[in-house]
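Data file: my_file-v4.txt. Format and content: compact mmCIF, N, CA and C atoms.
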```txt
# COMPACT_ATOMS: atom_id res chain seq x y z
N MET J 1462 1.51 30.38 6.79
CA MET J 1462 1.96 29.53 7.88
C MET J 1462 0.89 28.48 8.24
N LYS J 1463 -0.35 28.94 8.32
CA LYS J 1463 -1.45 28.04 8.68
C LYS J 1463 -1.60 26.92 7.63
N ASN J 1464 -1.47 27.28 6.34
CA ASN J 1464 -1.57 26.29 5.28
C ASN J 1464 -0.45 25.25 5.37
N GLU J 1465 0.76 25.70 5.73
CA GLU J 1465 1.88 24.78 5.86
C GLU J 1465 1.63 23.79 7.00
N LEU J 1466 1.08 24.29 8.12
CA LEU J 1466 0.75 23.41 9.24
C LEU J 1466 -0.32 22.41 8.85
N LEU J 1467 -1.32 22.88 8.10
CA LEU J 1467 -2.38 22.00 7.64
C LEU J 1467 -1.82 20.90 6.73
N LYS J 1468 -0.93 21.29 5.82
CA LYS J 1468 -0.32 20.33 4.91
C LYS J 1468 0.50 19.30 5.68
N ALA J 1469 1.28 19.76 6.65
CA ALA J 1469 2.11 18.86 7.44
C ALA J 1469 1.24 17.89 8.25
N HIS J 1470 0.17 18.40 8.83
CA HIS J 1470 -0.74 17.55 9.61
C HIS J 1470 -1.42 16.53 8.70
N ARG J 1471 -1.89 16.98 7.55
CA ARG J 1471 -2.57 16.10 6.61
C ARG J 1471 -1.62 15.01 6.11
N SER J 1472 -0.39 15.39 5.79
CA SER J 1472 0.55 14.40 5.27
C SER J 1472 0.98 13.42 6.35
N SER J 1473 1.09 13.86 7.62
CA SER J 1473 1.45 12.92 8.67
C SER J 1473 0.31 11.94 8.92
N ASN J 1474 -0.94 12.39 8.80
CA ASN J 1474 -2.08 11.48 8.91
C ASN J 1474 -2.07 10.49 7.75
N ASN J 1475 -1.74 10.98 6.56
CA ASN J 1475 -1.66 10.09 5.39
C ASN J 1475 -0.56 9.06 5.58
N LEU J 1476 0.57 9.49 6.12
CA LEU J 1476 1.68 8.57 6.33
C LEU J 1476 1.28 7.50 7.35
N ARG J 1477 0.60 7.91 8.42
CA ARG J 1477 0.10 6.94 9.40
C ARG J 1477 -0.85 5.96 8.73
N GLY J 1478 -1.71 6.47 7.87
CA GLY J 1478 -2.66 5.62 7.17
C GLY J 1478 -1.97 4.62 6.26
N VAL J 1479 -0.91 5.05 5.60
CA VAL J 1479 -0.16 4.15 4.71
C VAL J 1479 0.55 3.07 5.52
N ILE J 1480 1.07 3.43 6.67
CA ILE J 1480 1.73 2.44 7.53
C ILE J 1480 0.70 1.42 8.03
N LEU J 1481 -0.48 1.88 8.41
CA LEU J 1481 -1.55 0.96 8.82
C LEU J 1481 -1.97 0.08 7.65
N LEU J 1482 -1.99 0.65 6.45
CA LEU J 1482 -2.31 -0.13 5.25
C LEU J 1482 -1.27 -1.22 5.03
N LEU J 1483 0.00 -0.89 5.21
CA LEU J 1483 1.07 -1.88 5.07
C LEU J 1483 0.85 -3.02 6.06
N ASP J 1484 0.52 -2.68 7.29
CA ASP J 1484 0.27 -3.70 8.31
C ASP J 1484 -0.92 -4.58 7.93
N SER J 1485 -1.99 -3.96 7.44
CA SER J 1485 -3.18 -4.71 7.04
C SER J 1485 -2.89 -5.64 5.86
N VAL J 1486 -2.18 -5.14 4.86
CA VAL J 1486 -1.82 -5.97 3.70
C VAL J 1486 -0.96 -7.14 4.17
N SER J 1487 -0.05 -6.88 5.10
CA SER J 1487 0.80 -7.94 5.64
C SER J 1487 -0.03 -9.03 6.30
N LYS J 1488 -0.98 -8.64 7.13
CA LYS J 1488 -1.82 -9.61 7.83
C LYS J 1488 -2.72 -10.38 6.86
N ILE J 1489 -3.32 -9.69 5.93
CA ILE J 1489 -4.26 -10.34 5.01
C ILE J 1489 -3.54 -11.30 4.06
N THR J 1490 -2.38 -10.88 3.56
CA THR J 1490 -1.66 -11.72 2.60
C THR J 1490 -0.73 -12.73 3.27
N LYS J 1491 -0.58 -12.59 4.60
CA LYS J 1491 0.32 -13.47 5.39
C LYS J 1491 1.77 -13.36 4.92
N VAL J 1492 2.14 -12.16 4.50
CA VAL J 1492 3.53 -11.85 4.15
C VAL J 1492 3.99 -10.83 5.18
N THR J 1493 5.06 -11.14 5.89
CA THR J 1493 5.51 -10.27 6.98
C THR J 1493 5.99 -8.91 6.46
N ILE J 1494 6.00 -7.94 7.33
CA ILE J 1494 6.49 -6.60 6.95
C ILE J 1494 7.97 -6.66 6.56
N PRO J 1495 8.82 -7.40 7.30
CA PRO J 1495 10.21 -7.50 6.82
C PRO J 1495 10.32 -8.10 5.42
N GLU J 1496 9.44 -9.04 5.09
CA GLU J 1496 9.46 -9.60 3.73
C GLU J 1496 8.99 -8.55 2.71
N LEU J 1497 7.94 -7.79 3.09
CA LEU J 1497 7.44 -6.74 2.19
C LEU J 1497 8.49 -5.67 1.92
N THR J 1498 9.27 -5.35 2.92
CA THR J 1498 10.27 -4.29 2.77
C THR J 1498 11.65 -4.83 2.40
N GLY J 1499 11.77 -6.16 2.34
CA GLY J 1499 13.06 -6.78 2.04
C GLY J 1499 13.30 -7.01 0.56
N ARG J 1500 14.24 -7.89 0.27
CA ARG J 1500 14.67 -8.13 -1.12
C ARG J 1500 14.05 -9.39 -1.73
N SER J 1501 13.19 -10.08 -0.99
CA SER J 1501 12.63 -11.34 -1.47
C SER J 1501 11.94 -11.16 -2.82
N ARG J 1502 12.12 -12.17 -3.68
CA ARG J 1502 11.46 -12.15 -4.99
C ARG J 1502 10.45 -13.29 -5.13
N LYS J 1503 10.05 -13.85 -3.97
CA LYS J 1503 9.03 -14.90 -3.98
C LYS J 1503 7.75 -14.32 -4.57
N THR J 1504 7.03 -15.13 -5.31
CA THR J 1504 5.83 -14.67 -6.00
C THR J 1504 4.84 -14.02 -5.05
N GLU J 1505 4.54 -14.69 -3.92
CA GLU J 1505 3.53 -14.14 -2.99
C GLU J 1505 3.99 -12.82 -2.36
N THR J 1506 5.29 -12.67 -2.17
CA THR J 1506 5.82 -11.43 -1.62
C THR J 1506 5.72 -10.30 -2.64
N VAL J 1507 6.08 -10.59 -3.87
CA VAL J 1507 6.00 -9.59 -4.95
C VAL J 1507 4.54 -9.16 -5.14
N TYR J 1508 3.62 -10.12 -5.13
CA TYR J 1508 2.20 -9.79 -5.28
C TYR J 1508 1.73 -8.90 -4.13
N ALA J 1509 2.12 -9.25 -2.91
CA ALA J 1509 1.71 -8.45 -1.74
C ALA J 1509 2.25 -7.02 -1.84
N ARG J 1510 3.52 -6.88 -2.26
CA ARG J 1510 4.10 -5.54 -2.44
C ARG J 1510 3.33 -4.74 -3.49
N THR J 1511 3.00 -5.42 -4.58
CA THR J 1511 2.28 -4.77 -5.67
C THR J 1511 0.91 -4.31 -5.21
N VAL J 1512 0.23 -5.16 -4.46
CA VAL J 1512 -1.09 -4.80 -3.92
C VAL J 1512 -0.96 -3.61 -2.99
N PHE J 1513 0.06 -3.61 -2.12
CA PHE J 1513 0.26 -2.48 -1.22
C PHE J 1513 0.46 -1.19 -2.00
N ALA J 1514 1.32 -1.22 -3.01
CA ALA J 1514 1.61 -0.01 -3.80
C ALA J 1514 0.34 0.52 -4.48
N ALA J 1515 -0.43 -0.39 -5.06
CA ALA J 1515 -1.66 0.03 -5.76
C ALA J 1515 -2.67 0.60 -4.78
N LEU J 1516 -2.85 -0.04 -3.62
CA LEU J 1516 -3.80 0.47 -2.63
C LEU J 1516 -3.33 1.79 -2.03
N ALA J 1517 -2.04 1.90 -1.78
CA ALA J 1517 -1.51 3.14 -1.21
C ALA J 1517 -1.78 4.32 -2.16
N LYS J 1518 -1.54 4.10 -3.44
CA LYS J 1518 -1.75 5.20 -4.41
C LYS J 1518 -3.23 5.50 -4.60
N SER J 1519 -4.07 4.46 -4.61
CA SER J 1519 -5.50 4.72 -4.83
C SER J 1519 -6.15 5.37 -3.60
N ASN J 1520 -5.68 5.03 -2.39
CA ASN J 1520 -6.26 5.61 -1.18
C ASN J 1520 -5.62 6.94 -0.79
N TYR J 1521 -4.40 7.15 -1.20
CA TYR J 1521 -3.67 8.39 -0.87
C TYR J 1521 -3.04 8.95 -2.14
N PRO J 1522 -3.84 9.42 -3.09
CA PRO J 1522 -3.30 9.84 -4.40
C PRO J 1522 -2.32 11.01 -4.32
N GLU J 1523 -2.38 11.77 -3.23
CA GLU J 1523 -1.47 12.91 -3.12
C GLU J 1523 -0.05 12.50 -2.73
N LEU J 1524 0.14 11.25 -2.29
CA LEU J 1524 1.48 10.78 -1.95
C LEU J 1524 2.25 10.43 -3.22
N SER J 1525 3.50 10.79 -3.22
CA SER J 1525 4.32 10.53 -4.41
C SER J 1525 4.73 9.06 -4.46
N HIS J 1526 5.09 8.63 -5.64
CA HIS J 1526 5.59 7.27 -5.80
C HIS J 1526 6.88 7.08 -5.02
N ALA J 1527 7.67 8.14 -4.92
CA ALA J 1527 8.93 8.07 -4.18
C ALA J 1527 8.66 7.81 -2.69
N LEU J 1528 7.66 8.48 -2.12
CA LEU J 1528 7.34 8.28 -0.71
C LEU J 1528 6.79 6.88 -0.47
N ILE J 1529 5.88 6.43 -1.32
CA ILE J 1529 5.35 5.07 -1.19
C ILE J 1529 6.49 4.06 -1.32
N GLY J 1530 7.37 4.30 -2.26
CA GLY J 1530 8.52 3.41 -2.46
C GLY J 1530 9.45 3.38 -1.26
N SER J 1531 9.64 4.52 -0.63
CA SER J 1531 10.55 4.57 0.52
C SER J 1531 10.03 3.72 1.68
N ILE J 1532 8.72 3.55 1.77
CA ILE J 1532 8.14 2.75 2.84
C ILE J 1532 8.49 1.27 2.66
N ILE J 1533 8.54 0.81 1.43
CA ILE J 1533 8.86 -0.61 1.17
C ILE J 1533 10.24 -0.78 0.51
N ASN J 1534 11.07 0.23 0.64
CA ASN J 1534 12.45 0.18 0.13
C ASN J 1534 12.53 -0.10 -1.37
N ARG J 1535 11.73 0.65 -2.11
CA ARG J 1535 11.73 0.53 -3.56
C ARG J 1535 11.85 1.91 -4.19
N ASP J 1536 12.35 1.95 -5.40
CA ASP J 1536 12.50 3.18 -6.17
C ASP J 1536 11.13 3.63 -6.70
N HIS J 1537 10.99 4.93 -6.97
CA HIS J 1537 9.72 5.46 -7.48
C HIS J 1537 9.31 4.81 -8.80
N SER J 1538 10.29 4.48 -9.63
CA SER J 1538 9.94 3.86 -10.92
C SER J 1538 9.40 2.44 -10.72
N THR J 1539 9.85 1.77 -9.69
CA THR J 1539 9.33 0.43 -9.37
C THR J 1539 7.87 0.54 -8.94
N ILE J 1540 7.54 1.57 -8.17
CA ILE J 1540 6.16 1.79 -7.72
C ILE J 1540 5.27 2.07 -8.93
N THR J 1541 5.75 2.90 -9.84
CA THR J 1541 5.00 3.19 -11.07
C THR J 1541 4.72 1.91 -11.83
N TYR J 1542 5.73 1.07 -11.96
CA TYR J 1542 5.58 -0.21 -12.66
C TYR J 1542 4.58 -1.11 -11.93
N MET J 1543 4.70 -1.20 -10.61
CA MET J 1543 3.80 -2.06 -9.83
C MET J 1543 2.34 -1.65 -10.00
N ILE J 1544 2.08 -0.36 -9.95
CA ILE J 1544 0.71 0.14 -10.07
C ILE J 1544 0.15 -0.18 -11.46
N ALA J 1545 0.94 0.04 -12.48
CA ALA J 1545 0.50 -0.26 -13.85
C ALA J 1545 0.29 -1.76 -14.02
N GLU J 1546 1.13 -2.55 -13.38
CA GLU J 1546 1.07 -4.00 -13.52
C GLU J 1546 -0.21 -4.59 -12.92
N THR J 1547 -0.76 -3.99 -11.87
CA THR J 1547 -1.97 -4.54 -11.25
C THR J 1547 -3.13 -4.57 -12.23
N LYS J 1548 -3.11 -3.66 -13.18
CA LYS J 1548 -4.18 -3.61 -14.17
C LYS J 1548 -4.00 -4.69 -15.23
N ASP J 1549 -2.75 -5.14 -15.42
CA ASP J 1549 -2.44 -6.09 -16.49
C ASP J 1549 -2.44 -7.55 -16.06
N VAL J 1550 -2.09 -7.79 -14.83
CA VAL J 1550 -1.90 -9.17 -14.39
C VAL J 1550 -3.11 -9.63 -13.59
N LYS J 1551 -3.79 -10.62 -14.09
CA LYS J 1551 -5.05 -11.08 -13.51
C LYS J 1551 -4.90 -11.53 -12.05
N GLU J 1552 -3.86 -12.29 -11.74
CA GLU J 1552 -3.70 -12.80 -10.37
C GLU J 1552 -3.53 -11.66 -9.38
N LYS J 1553 -2.74 -10.67 -9.76
CA LYS J 1553 -2.52 -9.55 -8.86
C LYS J 1553 -3.80 -8.73 -8.71
N ALA J 1554 -4.54 -8.60 -9.78
CA ALA J 1554 -5.81 -7.86 -9.72
C ALA J 1554 -6.80 -8.58 -8.80
N GLU J 1555 -6.81 -9.92 -8.87
CA GLU J 1555 -7.70 -10.69 -7.99
C GLU J 1555 -7.29 -10.54 -6.54
N LEU J 1556 -5.99 -10.59 -6.25
CA LEU J 1556 -5.50 -10.41 -4.89
C LEU J 1556 -5.83 -9.00 -4.41
N LEU J 1557 -5.68 -8.02 -5.27
CA LEU J 1557 -6.00 -6.64 -4.92
C LEU J 1557 -7.47 -6.53 -4.51
N ARG J 1558 -8.37 -7.12 -5.29
CA ARG J 1558 -9.80 -7.08 -4.95
C ARG J 1558 -10.07 -7.79 -3.63
N GLU J 1559 -9.41 -8.92 -3.40
CA GLU J 1559 -9.60 -9.66 -2.16
C GLU J 1559 -9.14 -8.84 -0.96
N VAL J 1560 -7.98 -8.21 -1.06
CA VAL J 1560 -7.46 -7.39 0.04
C VAL J 1560 -8.37 -6.19 0.27
N GLU J 1561 -8.81 -5.53 -0.81
CA GLU J 1561 -9.72 -4.40 -0.65
C GLU J 1561 -10.99 -4.83 0.06
N PHE J 1562 -11.54 -5.99 -0.30
CA PHE J 1562 -12.75 -6.49 0.33
C PHE J 1562 -12.51 -6.72 1.82
N LYS J 1563 -11.41 -7.39 2.17
CA LYS J 1563 -11.12 -7.66 3.58
C LYS J 1563 -10.87 -6.38 4.36
N LEU J 1564 -10.23 -5.39 3.72
CA LEU J 1564 -10.04 -4.10 4.39
C LEU J 1564 -11.37 -3.42 4.66
N ASN J 1565 -12.29 -3.50 3.70
CA ASN J 1565 -13.62 -2.91 3.90
C ASN J 1565 -14.36 -3.62 5.02
N VAL J 1566 -14.24 -4.94 5.11
CA VAL J 1566 -14.88 -5.69 6.20
C VAL J 1566 -14.27 -5.29 7.53
N GLN J 1567 -12.95 -5.13 7.58
CA GLN J 1567 -12.30 -4.71 8.82
C GLN J 1567 -12.80 -3.33 9.25
N ASN J 1568 -12.93 -2.42 8.28
CA ASN J 1568 -13.40 -1.08 8.61
C ASN J 1568 -14.82 -1.12 9.15
N LEU J 1569 -15.67 -1.97 8.61
CA LEU J 1569 -17.03 -2.12 9.12
C LEU J 1569 -17.02 -2.65 10.55
N GLU J 1570 -16.12 -3.58 10.85
CA GLU J 1570 -16.04 -4.12 12.20
C GLU J 1570 -15.63 -3.05 13.20
N TYR J 1571 -14.76 -2.12 12.79
CA TYR J 1571 -14.35 -1.03 13.69
C TYR J 1571 -15.52 -0.08 13.96
N VAL J 1572 -16.36 0.12 12.95
CA VAL J 1572 -17.50 1.04 13.09
C VAL J 1572 -18.55 0.45 14.02
N ILE J 1573 -18.81 -0.85 13.89
CA ILE J 1573 -19.86 -1.50 14.69
C ILE J 1573 -19.39 -1.70 16.06
```
Could you write out this file's structure as structure tokens?
Amino acid sequence: MKNELLKAHRSSNNLRGVILLLDSVSKITKVTIPELTGRSRKTETVYARTVFAALAKSNYPELSHALIGSIINRDHSTITYMIAETKDVKEKAELLREVEFKLNVQNLEYVI
């Protein structure tokens, strides 16, 4: 019972963290959350979604692709593709590094 409570608490904290990550990616990339979770196929929106998926999986590896996908209204196979694609596509990889850098700067500002 105690382990189940621990798992539930840990996963709810992870889910909160992923939602905060979505908000941060939205602010940094200037793509709104409705656009991130919507059907838009604009290049900047697709890149922002891809960056979110890759960061969510790298920061919360225990979360399934299905759960990450449900946050942005995408199928688990789409999340798998997005994560693999960040390694292949230079522009998305550059945006990923830029967002990671800005997130690290934001975290430092909270600490100070």
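Residue nearest Asn1565 (chain J), chosen from J:Thr1504, J:Ser1485, J:Ser1473, J:Thr1539 and counting only C-alpha atoms: J:Ser1485.
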Residue list (alpha helix (DSSP H), DSSP) for region 1473-1573 of chain J, as a PyMOL selection string
chain J and resi 1473-1490+1494-1498+1504-1520+1526-1532+1537-1549+1551-1572
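Nearest to Glu1559 (chain J) of all the residues J:Ile1540, J:Ile1532, J:Ala1527, J:Val1486 is J:Val1486, based on only C-alpha atoms.
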With only C-alpha atoms as the counted atoms, please give the residues lying no more than 12 Å from Glu1505 (chain J), apart from itself and same-chain residues fewer than 6 positions off, as number ranges by chain. J: 1486-1487, 1489-1493, 1496-1497, 1511-1512, 1552-1553, 1556
Box dimensions and centre (Å, one decimal) enclosing region 1555-1561 of chain J, axis-aligned, 6 Å extra per side, as AutoDock Vina command-line options:
```
--center_x -8.2 --center_y -7.5 --center_z -4.3 --size_x 17.5 --size_y 18.3 --size_z 21.1
```
For CA of Leu1557 (chain J) and CA of Arg1502 (chain J), the interatomic separation in Å (one decimal):
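Rounded to one decimal, the two atoms are 18.3 Å apart.
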Between atom N of Leu1564 (chain J) and atom N of His1526 (chain J) lies a distance of 22.8 Å
Local residues around (9.3, -4.3, 2.0), at most 7 Å away, using all atoms listed in the file, as a ChimeraX atom specification
/J:1494-1500,1510,1532-1535
Report task. Using all atoms listed in the file, pick whichever of J:Lys1503, J:Ile1544, J:Lys1551, J:Leu1476 has the shortest atom-to-atom distance to Leu1516 (chain J). Result ->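 Smallest distance to Leu1516 (chain J) is found for J:Ile1544.
For the pair CA of Tyr1521 (chain J) and CA of Thr1541 (chain J), the separation is 14.4 Å.
Counting all atoms listed in the file and comparing J:Val1566, J:Leu1524, J:Ala1554, J:Ala1545, the residue that lies closest to Asn1475 (chain J) is J:Leu1524.
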